[in-house]
>>> print(open('input13.txt').read())   # compact mmCIF, C-alpha atoms
# COMPACT_ATOMS: atom_id res chain seq x y z
CA SER A 1 -20.99 -31.18 -0.96
CA PHE A 2 -20.71 -31.77 2.74
CA LYS A 3 -19.82 -29.32 5.44
CA TYR A 4 -18.62 -30.60 8.78
CA ILE A 5 -19.30 -29.17 12.23
CA THR A 6 -17.99 -29.86 15.69
CA VAL A 7 -19.80 -32.09 18.16
CA ALA A 8 -20.54 -29.00 20.27
CA LYS A 9 -22.16 -27.26 17.28
CA PHE A 10 -24.12 -30.42 16.46
CA ASP A 11 -25.51 -30.41 20.01
CA GLU A 12 -26.74 -26.85 19.38
CA VAL A 13 -28.50 -27.70 16.11
CA LYS A 14 -29.52 -31.27 16.93
CA ARG A 15 -33.20 -30.40 16.52
CA SER A 16 -32.46 -29.97 12.79
CA GLU A 17 -31.08 -33.50 12.50
CA VAL A 18 -32.32 -35.48 9.51
CA MET A 19 -32.23 -39.23 9.21
CA ALA A 20 -32.43 -41.67 6.35
CA GLY A 21 -36.03 -41.95 5.23
CA ASP A 22 -37.06 -38.42 6.22
CA VAL A 23 -38.95 -36.61 3.49
CA LEU A 24 -37.36 -33.23 2.76
CA VAL A 25 -39.53 -30.48 1.25
CA SER A 26 -38.33 -27.10 -0.01
CA THR A 27 -40.37 -24.22 1.42
CA LYS A 28 -38.72 -21.21 -0.23
CA GLY A 29 -37.91 -20.43 -3.84
CA THR A 30 -38.92 -23.59 -5.64
CA ILE A 31 -41.63 -24.58 -3.20
CA GLY A 32 -42.50 -28.23 -3.05
CA ASN A 33 -39.33 -29.85 -4.35
CA VAL A 34 -39.18 -33.17 -2.52
CA CYS A 35 -36.62 -35.86 -1.86
CA LEU A 36 -36.11 -38.80 0.43
CA MET A 37 -33.10 -38.43 2.71
CA PRO A 38 -30.56 -41.09 1.75
CA GLU A 39 -28.49 -43.19 4.14
CA LEU A 40 -25.27 -41.30 4.93
CA ASP A 41 -22.36 -41.99 7.24
CA GLY A 42 -22.65 -40.11 10.52
CA HIS A 43 -25.22 -37.55 11.61
CA SER A 44 -26.77 -34.99 9.28
CA VAL A 45 -28.56 -31.70 9.87
CA LEU A 46 -30.50 -29.39 7.61
CA SER A 47 -28.38 -26.36 6.90
CA ALA A 48 -30.89 -24.65 4.61
CA THR A 49 -33.61 -22.53 6.19
CA GLY A 50 -35.91 -23.15 3.23
CA THR A 51 -36.35 -26.86 3.84
CA VAL A 52 -38.51 -28.84 6.26
CA ARG A 53 -38.38 -32.49 7.12
CA LEU A 54 -41.33 -34.80 7.44
CA GLN A 55 -40.52 -37.68 9.73
CA LEU A 56 -42.41 -40.83 8.89
CA ARG A 57 -41.08 -43.26 11.45
CA ASP A 58 -43.89 -45.81 11.12
CA GLU A 59 -44.73 -47.14 7.68
CA SER A 60 -47.79 -49.05 8.88
CA LEU A 61 -50.05 -46.30 7.43
CA ILE A 62 -48.15 -44.73 4.55
CA ARG A 63 -44.94 -45.60 2.70
CA ARG A 64 -42.18 -42.99 2.43
CA GLN A 65 -41.69 -43.62 -1.28
CA PHE A 66 -45.42 -43.20 -1.83
CA VAL A 67 -45.34 -39.82 -0.07
CA VAL A 68 -42.46 -38.65 -2.29
CA SER A 69 -44.17 -40.00 -5.39
CA GLN A 70 -47.41 -38.24 -4.48
CA MET A 71 -45.68 -34.96 -3.65
CA THR A 72 -43.77 -34.85 -6.95
CA MET A 73 -46.93 -34.95 -9.05
CA SER A 74 -47.81 -31.70 -10.81
CA SER A 75 -51.33 -31.82 -9.33
CA PHE A 76 -49.82 -31.89 -5.83
CA LYS A 77 -47.56 -28.94 -6.64
CA SER A 78 -50.67 -27.01 -7.70
CA TYR A 79 -52.37 -28.05 -4.46
CA LEU A 80 -49.39 -26.68 -2.48
CA ARG A 81 -49.95 -23.21 -3.94
CA ARG A 82 -53.01 -22.90 -1.68
CA PHE A 83 -50.70 -22.78 1.33
CA GLU A 84 -48.14 -20.30 0.00
CA ALA A 85 -47.58 -17.03 1.86
CA GLY A 86 -45.69 -13.88 0.91
CA SER A 87 -46.12 -11.48 -1.97
CA ASN A 88 -42.74 -10.97 -3.69
CA GLN A 89 -41.10 -14.23 -2.77
CA LYS A 90 -43.52 -17.02 -2.04
CA TYR A 91 -42.81 -19.40 0.80
CA LEU A 92 -44.49 -22.21 2.66
CA ASN A 93 -44.61 -21.60 6.40
CA LEU A 94 -44.95 -24.28 9.07
CA ALA A 95 -48.68 -23.58 9.48
CA GLY A 96 -49.10 -24.28 5.76
CA VAL A 97 -47.06 -27.46 5.98
CA ARG A 98 -49.25 -28.69 8.83
CA ARG A 99 -52.41 -28.19 6.74
CA ILE A 100 -51.18 -30.37 3.87
CA GLU A 101 -53.26 -33.49 3.39
CA LEU A 102 -52.08 -36.60 1.63
CA VAL A 103 -54.03 -39.37 -0.06
CA VAL A 104 -53.56 -42.57 1.95
CA PRO A 105 -54.76 -45.62 0.02
CA PRO A 106 -54.41 -49.13 1.45
CA LEU A 107 -50.79 -50.30 1.85
CA GLU A 108 -51.14 -52.93 -0.86
CA LEU A 109 -52.01 -50.21 -3.40
CA GLN A 110 -49.15 -48.01 -2.19
CA ASP A 111 -46.74 -50.93 -2.55
CA ARG A 112 -48.08 -51.72 -6.01
CA HIS A 113 -47.74 -48.08 -7.07
CA CYS A 114 -44.13 -47.93 -5.81
CA SER A 115 -43.30 -51.21 -7.53
CA LEU A 116 -44.72 -50.03 -10.85
CA ARG A 117 -42.97 -46.66 -10.52
CA ASP A 118 -39.64 -48.39 -9.88
CA ARG A 119 -40.20 -50.61 -12.91
CA VAL A 120 -40.92 -47.59 -15.12
CA TRP A 121 -37.78 -45.85 -13.84
CA ARG A 122 -35.67 -48.94 -14.64
CA LEU A 123 -37.19 -49.13 -18.13
CA ARG A 124 -36.51 -45.42 -18.71
CA ALA A 125 -32.90 -45.86 -17.60
CA ARG A 126 -32.49 -48.83 -19.94
CA GLN A 127 -34.07 -46.83 -22.77
CA ARG A 128 -31.60 -43.96 -22.17
CA ASP A 129 -28.70 -46.43 -22.20
CA VAL A 130 -29.87 -47.95 -25.47
CA ALA A 131 -30.34 -44.49 -27.03
CA ASP A 132 -26.85 -43.43 -25.88
CA HIS A 133 -25.36 -46.61 -27.34
CA SER A 134 -27.26 -46.06 -30.60
CA HIS A 135 -25.88 -42.51 -30.88
CA LEU A 136 -22.34 -43.77 -30.29
CA LEU A 137 -22.75 -46.40 -33.02
CA PHE A 138 -24.17 -43.82 -35.43
CA ASP A 139 -21.32 -41.40 -34.71
CA SER A 140 -18.80 -44.18 -35.25
CA LEU A 141 -20.38 -45.15 -38.58
CA ALA A 142 -20.55 -41.50 -39.66
CA GLN A 143 -16.84 -41.03 -38.91
CA ARG A 144 -15.96 -44.17 -40.86
CA ALA A 145 -18.13 -43.02 -43.77
CA PHE A 146 -16.47 -39.58 -43.86
CA ARG A 147 -13.05 -41.24 -43.89
CA GLY A 148 -14.17 -43.39 -46.83
CA GLU A 149 -13.91 -46.65 -44.92
CA LEU A 150 -17.44 -47.78 -45.77
>>> encode(input="input13.txt", output="structure tokens")
Amino acid sequence: SFKYITVAKFDEVKRSEVMAGDVLVSTKGTIGNVCLMPELDGHSVLSATGTVRLQLRDESLIRRQFVVSQMTMSSFKSYLRRFEAGSNQKYLNLAGVRRIELVVPPLELQDRHCSLRDRVWRLRARQRDVADHSHLLFDSLAQRAFRGEL
């Protein structure tokens, strides 16, 4: 859900502005949850204190989607635990965020990885659709069988 603020309030919190393509990382609670900021109408700011943004303005070195893909891997989440602070409730402070290192393969490999990942996601979505359709057909046949129509 969206919350709206006045222009004056936006001017106060402008340093927390996020733009499409920024990588958002949770730093409290479920540390290391990652997403890519989508394109939205108007300006947006981070309202949660447990989230940081990584601004990748130039994709000549690393692709945004590759960063997100890398950061969602379980091995990367384990790697992030090295930078956690706190005893009762773990958190990732800015010093920890700054020490994070990413693997940066050549752009052609990043692009290939992203292309293959997108293809797998499309295949998974199609598989879910087929499974849903199959369940609907089975339910329909079962209902007809129970009514004695088959």
>>> residues_around(input="input13.txt", residues="Glu101 in chain A", least_positions_apart="5", cutoff="10 Å", atoms="only C-alpha atoms", output="ChimeraX atom specification")
/A:76,79-80
>>> atom_distance(input="input13.txt", atom1="CA of Leu102 in chain A", atom2="CA of Arg15 in chain A")
24.8 Å
>>> residues_around(input="input13.txt", residues="range 23-36 of chain A", least_positions_apart="4", cutoff="6 Å", atoms="all atoms listed in the file", output="PDB file with C-alpha atoms, in the frame of the given file")
ATOM      1  CA  GLY A  50     -35.910 -23.150   3.230  1.00  0.00           C
ATOM      2  CA  THR A  51     -36.350 -26.860   3.840  1.00  0.00           C
ATOM      3  CA  VAL A  52     -38.510 -28.840   6.260  1.00  0.00           C
ATOM      4  CA  ARG A  53     -38.380 -32.490   7.120  1.00  0.00           C
ATOM      5  CA  LEU A  54     -41.330 -34.800   7.440  1.00  0.00           C
ATOM      6  CA  TYR A  91     -42.810 -19.400   0.800  1.00  0.00           C
ATOM      7  CA  LEU A  92     -44.490 -22.210   2.660  1.00  0.00           C
TER       8      LEU A  92
END
>>> closest_residue(input="input13.txt", among="A:Val13, A:Leu136, A:Val130, A:Val103", to="Val67 in chain A", atoms="all atoms listed in the file")
A:Val103
>>> atom_distance(input="input13.txt", atom1="CA of Ile100 in chain A", atom2="CA of Ser75 in chain A")
13.3 Å
